[in-house]
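Have a look at model17.txt; it's compact mmCIF, C-alpha atoms:
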# COMPACT_ATOMS: atom_id res chain seq x y z
CA MET Z 15 4.86 -27.26 -5.34
CA THR Z 16 4.71 -23.76 -3.82
CA LYS Z 17 1.42 -22.96 -2.13
CA VAL Z 18 0.10 -19.39 -2.41
CA SER Z 19 -2.56 -17.90 -0.14
CA ILE Z 20 -4.70 -15.22 -1.82
CA VAL Z 21 -6.30 -12.98 0.82
CA ILE Z 22 -9.49 -11.16 -0.25
CA PRO Z 23 -11.25 -8.83 2.24
CA ILE Z 24 -14.91 -8.34 1.30
CA TYR Z 25 -17.07 -5.35 2.19
CA LYS Z 26 -19.78 -3.65 0.10
CA VAL Z 27 -18.47 -4.75 -3.30
CA GLU Z 28 -21.63 -6.34 -4.70
CA PRO Z 29 -21.16 -4.90 -8.24
CA TYR Z 30 -17.51 -6.02 -8.48
CA ILE Z 31 -16.96 -9.17 -6.46
CA GLU Z 32 -17.83 -11.62 -9.25
CA ARG Z 33 -15.19 -10.06 -11.48
CA CYS Z 34 -12.62 -10.42 -8.70
CA ILE Z 35 -13.48 -14.03 -7.86
CA ASN Z 36 -13.53 -15.06 -11.52
CA SER Z 37 -10.02 -13.70 -11.98
CA VAL Z 38 -8.88 -16.03 -9.20
CA LEU Z 39 -10.81 -19.02 -10.50
CA GLN Z 40 -9.18 -18.57 -13.91
CA GLN Z 41 -5.60 -18.53 -12.65
CA THR Z 42 -3.21 -20.69 -14.65
CA TYR Z 43 -1.42 -21.51 -11.38
CA ARG Z 44 -3.61 -23.87 -9.36
CA HIS Z 45 -1.89 -24.58 -6.02
CA LEU Z 46 -3.89 -21.84 -4.35
CA GLU Z 47 -5.50 -21.30 -0.98
CA VAL Z 48 -8.15 -18.59 -1.38
CA ILE Z 49 -9.12 -16.85 1.86
CA LEU Z 50 -12.26 -14.70 1.82
CA ILE Z 51 -12.98 -12.48 4.82
CA ASP Z 52 -16.52 -11.12 5.15
CA ASP Z 53 -16.01 -7.89 7.07
CA CYS Z 54 -19.69 -7.86 8.07
CA SER Z 55 -20.72 -6.63 4.61
CA PRO Z 56 -24.35 -5.36 4.59
CA ASP Z 57 -25.01 -6.31 0.94
CA ARG Z 58 -24.93 -9.55 -1.11
CA SER Z 59 -21.17 -9.47 -1.72
CA MET Z 60 -20.39 -12.68 0.16
CA GLU Z 61 -23.41 -14.51 -1.23
CA ILE Z 62 -22.36 -13.64 -4.78
CA ALA Z 63 -18.79 -14.77 -4.08
CA ARG Z 64 -19.97 -18.14 -2.73
CA ASP Z 65 -22.34 -18.63 -5.67
CA CYS Z 66 -19.57 -17.83 -8.12
CA ILE Z 67 -17.27 -20.40 -6.50
CA ARG Z 68 -20.05 -22.99 -6.36
CA ARG Z 69 -20.92 -22.60 -10.06
CA SER Z 70 -17.28 -22.90 -11.09
CA ASN Z 71 -17.00 -26.37 -9.56
CA CYS Z 72 -13.25 -25.79 -9.02
CA CYS Z 73 -12.19 -28.81 -6.99
CA ASP Z 74 -8.47 -28.12 -7.30
CA LEU Z 75 -8.55 -24.83 -5.39
CA GLU Z 76 -8.87 -24.59 -1.61
CA PHE Z 77 -11.29 -22.00 -0.21
CA LYS Z 78 -11.52 -20.71 3.36
CA PHE Z 79 -14.29 -18.41 4.58
CA PHE Z 80 -14.21 -16.12 7.61
CA LYS Z 81 -16.73 -13.62 8.93
CA HIS Z 82 -16.15 -10.74 11.35
CA GLU Z 83 -18.89 -10.19 13.92
CA CYS Z 84 -18.80 -6.46 13.16
CA ASN Z 85 -17.21 -4.26 10.52
CA ARG Z 86 -13.56 -3.84 11.54
CA GLY Z 87 -12.05 -2.40 8.37
CA LEU Z 88 -9.63 -3.46 5.65
CA SER Z 89 -6.60 -3.76 7.95
CA ALA Z 90 -8.37 -6.17 10.30
CA ALA Z 91 -9.64 -8.26 7.39
CA ARG Z 92 -6.17 -8.57 5.92
CA ASN Z 93 -4.76 -9.50 9.34
CA THR Z 94 -7.41 -12.21 9.73
CA GLY Z 95 -6.47 -13.60 6.32
CA THR Z 96 -2.75 -13.45 7.07
CA ASP Z 97 -3.17 -15.31 10.35
CA ALA Z 98 -5.20 -18.02 8.59
CA ALA Z 99 -2.82 -18.39 5.63
CA THR Z 100 -0.85 -21.62 5.34
CA GLY Z 101 0.84 -20.89 2.01
CA GLU Z 102 4.53 -20.17 1.64
CA TYR Z 103 3.54 -16.89 0.00
CA ILE Z 104 0.66 -14.44 0.49
CA PHE Z 105 -0.98 -12.27 -2.16
CA TYR Z 106 -3.39 -9.49 -1.11
CA LEU Z 107 -6.19 -8.84 -3.61
CA ASP Z 108 -8.74 -6.07 -3.15
CA SER Z 109 -12.26 -7.30 -3.89
CA ASP Z 110 -13.09 -4.55 -6.40
CA ASP Z 111 -9.97 -5.32 -8.47
CA GLU Z 112 -8.84 -8.32 -10.52
CA ILE Z 113 -5.64 -10.14 -11.44
CA ILE Z 114 -4.68 -11.33 -14.92
CA HIS Z 115 -4.92 -15.06 -15.54
CA GLU Z 116 -1.15 -15.61 -15.39
CA CYS Z 117 -0.52 -13.35 -12.38
CA ILE Z 118 0.35 -15.94 -9.74
CA GLU Z 119 2.18 -18.20 -12.20
CA ILE Z 120 4.43 -15.33 -13.30
CA MET Z 121 5.29 -14.46 -9.71
CA VAL Z 122 5.81 -18.02 -8.49
CA LYS Z 123 8.29 -18.65 -11.31
CA VAL Z 124 10.42 -15.86 -9.83
CA THR Z 125 10.52 -17.61 -6.44
CA GLU Z 126 11.82 -20.77 -8.11
CA VAL Z 127 14.84 -18.86 -9.45
CA PHE Z 128 15.23 -16.63 -6.36
CA PRO Z 129 13.99 -18.75 -3.44
CA ASN Z 130 15.04 -16.16 -0.84
CA VAL Z 131 13.08 -13.31 -2.41
CA GLU Z 132 10.84 -11.64 0.17
CA ILE Z 133 8.53 -9.71 -2.16
CA VAL Z 134 7.78 -10.11 -5.86
CA GLN Z 135 6.30 -6.85 -7.18
CA GLY Z 136 4.04 -6.76 -10.23
CA HIS Z 137 2.97 -3.93 -12.52
CA ARG Z 138 -0.58 -2.60 -12.64
CA LYS Z 139 -3.08 -0.96 -14.94
CA ILE Z 140 -5.51 1.64 -13.69
CA ILE Z 141 -9.06 1.37 -15.04
CA PRO Z 142 -11.28 3.07 -16.33
CA HIS Z 143 -8.76 5.78 -17.16
CA ASN Z 144 -7.29 3.51 -19.81
CA SER Z 145 -3.88 4.29 -18.45
CA SER Z 146 -0.99 1.91 -18.06
CA SER Z 147 0.45 3.04 -14.76
CA ASP Z 148 3.82 1.39 -14.70
CA TYR Z 149 6.20 2.35 -11.94
CA LEU Z 150 8.95 4.41 -13.57
CA ILE Z 151 11.52 3.68 -10.89
CA LEU Z 152 11.07 -0.05 -11.52
CA LYS Z 153 11.57 -0.06 -15.29
CA ASP Z 154 15.26 -0.88 -15.25
CA ILE Z 155 15.51 -3.25 -12.29
CA GLU Z 156 14.70 -6.89 -11.65
CA TYR Z 157 16.31 -8.42 -8.57
CA ILE Z 158 17.51 -6.28 -5.69
CA ASP Z 159 19.35 -7.72 -2.70
CA ASP Z 160 20.10 -4.52 -0.82
CA ASN Z 161 18.03 -2.97 1.98
CA ASN Z 162 19.76 0.39 1.56
CA TRP Z 163 18.75 0.56 -2.11
CA ILE Z 164 15.15 -0.32 -1.26
CA ARG Z 165 14.90 2.30 1.47
CA GLU Z 166 16.63 4.93 -0.61
CA HIS Z 167 14.04 4.46 -3.36
CA PHE Z 168 11.17 4.48 -0.91
CA TYR Z 169 12.12 7.80 0.68
CA CYS Z 170 12.05 9.75 -2.56
CA TRP Z 171 9.91 12.40 -4.19
CA ASP Z 172 8.42 11.44 -7.53
CA GLU Z 173 9.36 7.90 -8.54
CA ARG Z 174 8.65 5.91 -5.43
CA LEU Z 175 8.53 2.19 -4.80
CA PRO Z 176 4.86 1.08 -4.79
CA VAL Z 177 3.20 1.57 -1.41
CA THR Z 178 0.16 -0.64 -2.01
CA ALA Z 179 -0.08 -4.03 -0.29
CA TRP Z 180 -1.89 -5.56 -3.27
CA ASN Z 181 -0.06 -6.86 -6.35
CA LYS Z 182 2.79 -8.23 -4.25
CA LEU Z 183 3.67 -11.88 -3.72
CA ILE Z 184 5.05 -11.84 -0.18
CA LYS Z 185 6.91 -14.57 1.68
CA SER Z 186 4.67 -15.55 4.60
CA ASN Z 187 7.58 -16.15 6.95
CA PHE Z 188 8.90 -12.65 6.21
CA LEU Z 189 5.57 -11.11 7.26
CA LYS Z 190 5.06 -13.20 10.35
CA THR Z 191 8.65 -13.21 11.65
CA ASN Z 192 8.80 -9.42 11.46
CA SER Z 193 5.23 -8.91 12.80
CA LEU Z 194 4.29 -6.91 9.69
CA SER Z 195 0.57 -6.66 10.30
CA PHE Z 196 -1.71 -3.78 9.30
CA LYS Z 197 -2.66 -1.14 11.85
CA GLU Z 198 -6.39 -1.44 12.49
CA GLY Z 199 -8.87 1.42 12.67
CA ILE Z 200 -7.24 3.71 10.08
CA ILE Z 201 -7.28 4.38 6.35
CA HIS Z 202 -4.12 4.88 4.26
CA GLU Z 203 -2.96 1.77 6.12
CA ASP Z 204 -0.72 0.66 3.24
CA GLU Z 205 1.49 3.73 3.71
CA LEU Z 206 2.27 2.85 7.33
CA TRP Z 207 2.59 -0.87 6.58
CA MET Z 208 5.02 -0.30 3.71
CA PHE Z 209 7.14 2.03 5.85
CA HIS Z 210 7.73 -0.85 8.27
CA VAL Z 211 8.14 -3.40 5.44
CA THR Z 212 10.94 -1.44 3.75
CA LYS Z 213 12.88 -1.25 7.01
CA LYS Z 214 13.03 -5.06 7.03
CA MET Z 215 13.05 -6.01 3.34
CA SER Z 216 16.28 -6.55 1.42
CA LYS Z 217 15.29 -8.98 -1.34
CA LEU Z 218 12.89 -7.63 -3.97
CA TYR Z 219 12.11 -8.79 -7.50
CA VAL Z 220 10.15 -6.75 -10.05
CA VAL Z 221 8.37 -8.57 -12.89
CA LYS Z 222 7.96 -6.64 -16.12
CA GLU Z 223 4.50 -7.96 -16.98
CA TYR Z 224 1.25 -6.31 -15.95
CA THR Z 225 -0.31 -8.59 -13.38
CA TYR Z 226 -3.07 -6.52 -11.77
CA ASN Z 227 -6.02 -4.36 -12.86
CA HIS Z 228 -6.81 -1.67 -10.30
CA TYR Z 229 -10.27 -0.15 -10.73
CA ILE Z 230 -11.22 3.35 -9.66
CA VAL Z 231 -14.75 2.75 -8.43
CA PRO Z 232 -17.38 5.23 -7.18
CA ASN Z 233 -18.38 5.25 -3.51
CA SER Z 234 -15.26 3.42 -2.40
CA ILE Z 235 -13.76 4.21 1.01
CA MET Z 236 -11.03 6.32 -0.55
CA SER Z 237 -13.37 8.24 -2.86
CA SER Z 238 -15.94 9.00 -0.16
CA ILE Z 239 -13.58 10.02 2.65
CA SER Z 240 -13.51 13.73 3.49
CA CYS Z 241 -10.30 15.77 3.49
CA SER Z 242 -10.52 16.33 7.24
CA GLU Z 243 -11.00 12.59 7.91
CA SER Z 244 -8.07 11.80 5.64
CA ALA Z 245 -5.94 14.35 7.46
CA HIS Z 246 -6.93 12.86 10.84
CA TYR Z 247 -5.67 9.41 9.84
CA TRP Z 248 -2.55 10.85 8.24
CA GLY Z 249 -1.84 12.49 11.58
CA ILE Z 250 -1.98 9.10 13.31
CA ILE Z 251 0.26 7.56 10.66
CA LEU Z 252 2.80 10.38 10.77
CA GLU Z 253 3.03 10.19 14.56
CA GLU Z 254 3.86 6.49 14.43
CA ILE Z 255 6.27 6.84 11.53
CA ALA Z 256 8.11 9.73 13.19
CA LYS Z 257 8.86 7.51 16.19
CA CYS Z 258 10.80 5.22 13.87
CA PHE Z 259 12.99 7.68 11.98
CA ASP Z 260 16.52 6.30 11.91
CA GLU Z 261 19.95 6.69 10.36
CA PRO Z 262 21.30 6.69 7.71
CA PHE Z 263 18.00 7.86 6.22
CA TYR Z 264 16.91 10.28 8.93
CA ASP Z 265 16.98 13.38 6.73
CA ARG Z 266 15.18 11.67 3.86
CA GLN Z 267 12.49 10.34 6.17
CA VAL Z 268 11.78 13.70 7.75
CA ALA Z 269 11.74 15.38 4.35
CA VAL Z 270 9.40 12.94 2.61
CA TYR Z 271 6.89 12.85 5.46
CA LEU Z 272 7.06 16.59 5.97
CA ASN Z 273 6.14 16.76 2.29
CA GLN Z 274 3.13 14.53 3.01
CA MET Z 275 2.25 16.76 5.92
CA ILE Z 276 2.32 19.91 3.84
CA ASN Z 277 0.20 18.32 1.13
CA HIS Z 278 -2.51 17.50 3.65
CA LEU Z 279 -2.36 20.89 5.31
CA ASP Z 280 -2.90 22.49 1.92
CA ASN Z 281 -5.83 20.17 1.19
CA ILE Z 282 -7.69 21.08 4.39
CA LYS Z 283 -6.75 24.74 4.73
CA ASN Z 284 -10.46 25.71 4.70
CA ASP Z 285 -11.18 23.35 7.59
CA THR Z 286 -9.78 25.43 10.43
CA GLN Z 287 -10.19 22.86 13.19
CA ALA Z 288 -8.59 20.00 11.26
CA TYR Z 289 -5.90 22.33 9.93
CA ARG Z 290 -4.83 23.51 13.38
CA LYS Z 291 -5.00 20.04 14.89
CA LEU Z 292 -2.79 18.50 12.23
CA ALA Z 293 -0.38 21.45 12.17
CA LYS Z 294 0.03 21.19 15.95
CA ARG Z 295 0.49 17.43 15.75
CA PHE Z 296 3.29 17.53 13.20
CA GLY Z 297 4.78 20.67 14.69
CA ALA Z 298 5.26 18.72 17.92
CA ILE Z 299 6.96 15.95 15.96
CA LEU Z 300 9.38 18.39 14.37
CA THR Z 301 10.14 20.03 17.71
CA LYS Z 302 10.65 16.69 19.44
CA LYS Z 303 13.03 15.59 16.71
CA GLY Z 304 15.13 18.72 17.08
CA TYR Z 305 13.93 20.57 14.02
CA PRO Z 306 12.78 24.21 14.20
CA PHE Z 307 9.01 24.58 14.41
CA LEU Z 308 8.34 26.97 11.58
CA SER Z 309 4.92 28.43 10.94
CA LEU Z 310 3.32 25.61 8.96
CA SER Z 311 0.75 28.06 7.58
CA LEU Z 312 3.60 30.14 6.14
CA LEU Z 313 5.35 26.98 5.00
CA CYS Z 314 2.22 25.90 3.14
CA TYR Z 315 2.01 29.27 1.43
CA VAL Z 316 5.65 29.20 0.33
CA TYR Z 317 5.24 25.58 -0.75
CA THR Z 318 2.31 26.46 -3.01
CA LEU Z 319 4.23 29.35 -4.60
CA SER Z 320 7.38 27.30 -5.14
CA ILE Z 321 5.65 24.32 -6.71
CA ASN Z 322 3.75 26.57 -9.09
CA ARG Z 323 6.93 28.30 -10.20
CA HIS Z 324 9.22 25.32 -10.51
CA LYS Z 325 8.61 21.59 -10.68
CA LYS Z 326 11.28 20.86 -8.10
CA GLY Z 327 10.60 23.92 -5.99
CA LYS Z 328 9.11 21.98 -3.11
CA HIS Z 329 12.10 19.65 -2.97
CA MET Z 330 14.54 22.55 -2.79
CA LEU Z 331 12.46 24.19 -0.06
CA LEU Z 332 12.19 21.08 2.08
CA ASN Z 333 15.85 20.25 1.71
CA LYS Z 334 16.73 23.70 3.03
CA ILE Z 335 14.46 23.17 6.05
CA ILE Z 336 16.07 19.82 6.82
CA LYS Z 337 19.56 21.34 6.63
CA ILE Z 338 18.54 24.02 9.14
CA GLY Z 339 17.60 21.26 11.56
CA LYS Z 340 21.02 19.70 11.27

Re-express the file's structure as structure tokens.
Amino acid sequence: MTKVSIVIPIYKVEPYIERCINSVLQQTYRHLEVILIDDCSPDRSMEIARDCIRRSNCCDLEFKFFKHECNRGLSAARNTGTDAATGEYIFYLDSDDEIIHECIEIMVKVTEVFPNVEIVQGHRKIIPHNSSSDYLILKDIEYIDDNNWIREHFYCWDERLPVTAWNKLIKSNFLKTNSLSFKEGIIHEDELWMFHVTKKMSKLYVVKEYTYNHYIVPNSIMSSISCSESAHYWGIILEEIAKCFDEPFYDRQVAVYLNQMINHLDNIKNDTQAYRKLAKRFGAILTKKGYPFLSLSLLCYVYTLSINRHKKGKHMLLNKIIKIGK
């Protein structure tokens, strides 16, 4: 029977952790190893999680507990859980979210039909917006055995393969053989992680069912981060990604991440210091890669005008810039 390791990083989620743990305890699939990583949480999150597990009296599930000596962040917690995992597959679950009762069972059934699948991707719902956020690009596909297809649909504009690490059943050997860990000390870590994952992944299956409820919660890391802090970490991510641009997707890679760059420049245009720092950082990347270093301030201005006038204006603009570089 296939063993699945569910990795749950825990930090300052006291109001939500019981909901998360209960969703695991109620799984219809029972051959589970549940790994909880206390990232030095200052509240009662871990105590509540332990109490919830104790009250459930679930003897058929295996639980492992780890505690960091200091707060090291989500990436480090996931890495700790990955290193400790002994299951054939790993599932990352954020501690303020929950999975439906049949989530793991649905995904494991896929691995029985496609034993070589590297990632099984589920669909999600976003709460409390009462919106069913299905991934449009994934509506008409099931099994993909083609790295080029996967990368082509990752380096795209609007309908992109899901970047998030959660809601994926991932073959452990695939992660560990390819050293696909999370970069520590940053936010937006999933974006960098998924960039490296798609370069290695060729076997993907998409289930049609909703398997995951993603909650938009107040005071989360992502909701409390400032634009300048976000831009700082995006700068780190873009620098690393730019070192790995490769053929035959070189143009697409530069275009999609230049698009990310412009978005962040526009978001922090009132923060002069952060604006200049990030513009200089990505300008150096463009220059190093042989592309003309245009005025990113002017580029931002044209970008804003074009996107307001035409839905695809930014794509047309960026494509022209890429062609100039060639």

Problem set entry | Point-to-point distance in Å for CA of Ile184 (chain Z) and CA of Tyr264 (chain Z) | 26.7 Å

Taking all atoms of region 163-169 of chain Z that appear in the file, build a box with edges along x, y and z, extend it by 3 Å on every side, and state its centre and edge lengths in Å to one decimal, as JSON.
{"center_x": 15.0, "center_y": 3.7, "center_z": -0.9, "size_x": 13.6, "size_y": 14.1, "size_z": 10.8}

Got a sec: who's within 10 Å of Trp163 (chain Z), counting all atoms listed in the file, leaving out chain neighbours fewer than 4 positions off, as a PDB file with C-alpha atoms, in the frame of the given file?
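File written: part39.pdb
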ATOM      1  CA  ILE Z 158      17.510  -6.280  -5.690  1.00  0.00           C
ATOM      2  CA  ASP Z 159      19.350  -7.720  -2.700  1.00  0.00           C
ATOM      3  CA  HIS Z 167      14.040   4.460  -3.360  1.00  0.00           C
ATOM      4  CA  PHE Z 168      11.170   4.480  -0.910  1.00  0.00           C
ATOM      5  CA  THR Z 212      10.940  -1.440   3.750  1.00  0.00           C
ATOM      6  CA  SER Z 216      16.280  -6.550   1.420  1.00  0.00           C
TER       7      SER Z 216
END

Would you write out, as JSON lines, a table of all residues in region 94-194 of chain Z that have an atom no more than 12 Å from an atom of region 237-261 of chain Z, listing for each the closest atom pair and the distance in Å to one decimal, considering all atoms listed in the file and ordering rows by chain and rising residue number?
{"residue": "Z:Asn162", "atom": "CA", "partner": "Z:Glu261", "partner_atom": "CA", "distance": 10.8}
{"residue": "Z:Arg165", "atom": "CA", "partner": "Z:Glu261", "partner_atom": "CA", "distance": 11.1}
{"residue": "Z:Glu166", "atom": "CA", "partner": "Z:Glu261", "partner_atom": "CA", "distance": 11.6}
{"residue": "Z:Tyr169", "atom": "CA", "partner": "Z:Phe259", "partner_atom": "CA", "distance": 11.3}

Output file for the residues above (C-alpha atoms, as a CSV table (one decimal), in the coordinates of the input):
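Written out: result_37.csv:
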chain,number,residue,atom,x,y,z
Z,162,ASN,CA,19.8,0.4,1.6
Z,165,ARG,CA,14.9,2.3,1.5
Z,166,GLU,CA,16.6,4.9,-0.6
Z,169,TYR,CA,12.1,7.8,0.7

Exercise. Counting all atoms listed in the file, which of Z:Pro142, Z:Tyr157, Z:Leu107, Z:Ser89 gets nearest to Leu183 (chain Z)?
Worked result: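 Using all atoms listed in the file, Leu183 (chain Z) sits closest to Z:Leu107.
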
Between region 85-186 of chain Z and region 25-46 of chain Z, at 6 Å or less, what are the per-residue closest atom pairs and their distances in Å? Count all atoms listed in the file, order by chain and rising residue number, and return it as a Markdown table.
| residue | atom | partner | partner_atom | distance |
| --- | --- | --- | --- | --- |
| Z:Ser109 | CA | Z:Ile31 | CA | 5.7 |
| Z:Asp110 | CA | Z:Tyr30 | CA | 5.1 |
| Z:Asp111 | CA | Z:Cys34 | CA | 5.8 |
| Z:Glu112 | CA | Z:Cys34 | CA | 4.7 |
| Z:Ile113 | CA | Z:Ser37 | CA | 5.7 |
| Z:His115 | CA | Z:Gln41 | CA | 4.6 |
| Z:Glu116 | CA | Z:Thr42 | CA | 5.5 |
| Z:Glu119 | CA | Z:Tyr43 | CA | 5.0 |

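Separating CA of Ser55 (chain Z) from CA of Ile20 (chain Z) is a distance of 19.3 Å.
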
Problem set entry | Point-to-point distance from CA of Pro56 (chain Z) to CA of Thr100 (chain Z), Å rounded to tenths |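 Computing it gives 28.6 Å between the two atoms.
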
Anything within 8 Å of (-19.9, -12.8, 4.8): list those residues as a PDB file with C-alpha atoms, in the coordinates of the input, counting only C-alpha atoms and sticking to the file's coordinates.
ATOM      1  CA  ILE Z  24     -14.910  -8.340   1.300  1.00  0.00           C
ATOM      2  CA  ILE Z  51     -12.980 -12.480   4.820  1.00  0.00           C
ATOM      3  CA  ASP Z  52     -16.520 -11.120   5.150  1.00  0.00           C
ATOM      4  CA  ASP Z  53     -16.010  -7.890   7.070  1.00  0.00           C
ATOM      5  CA  CYS Z  54     -19.690  -7.860   8.070  1.00  0.00           C
ATOM      6  CA  SER Z  55     -20.720  -6.630   4.610  1.00  0.00           C
ATOM      7  CA  SER Z  59     -21.170  -9.470  -1.720  1.00  0.00           C
ATOM      8  CA  MET Z  60     -20.390 -12.680   0.160  1.00  0.00           C
ATOM      9  CA  GLU Z  61     -23.410 -14.510  -1.230  1.00  0.00           C
ATOM     10  CA  PHE Z  79     -14.290 -18.410   4.580  1.00  0.00           C
ATOM     11  CA  PHE Z  80     -14.210 -16.120   7.610  1.00  0.00           C
ATOM     12  CA  LYS Z  81     -16.730 -13.620   8.930  1.00  0.00           C
ATOM     13  CA  HIS Z  82     -16.150 -10.740  11.350  1.00  0.00           C
TER      14      HIS Z  82
END
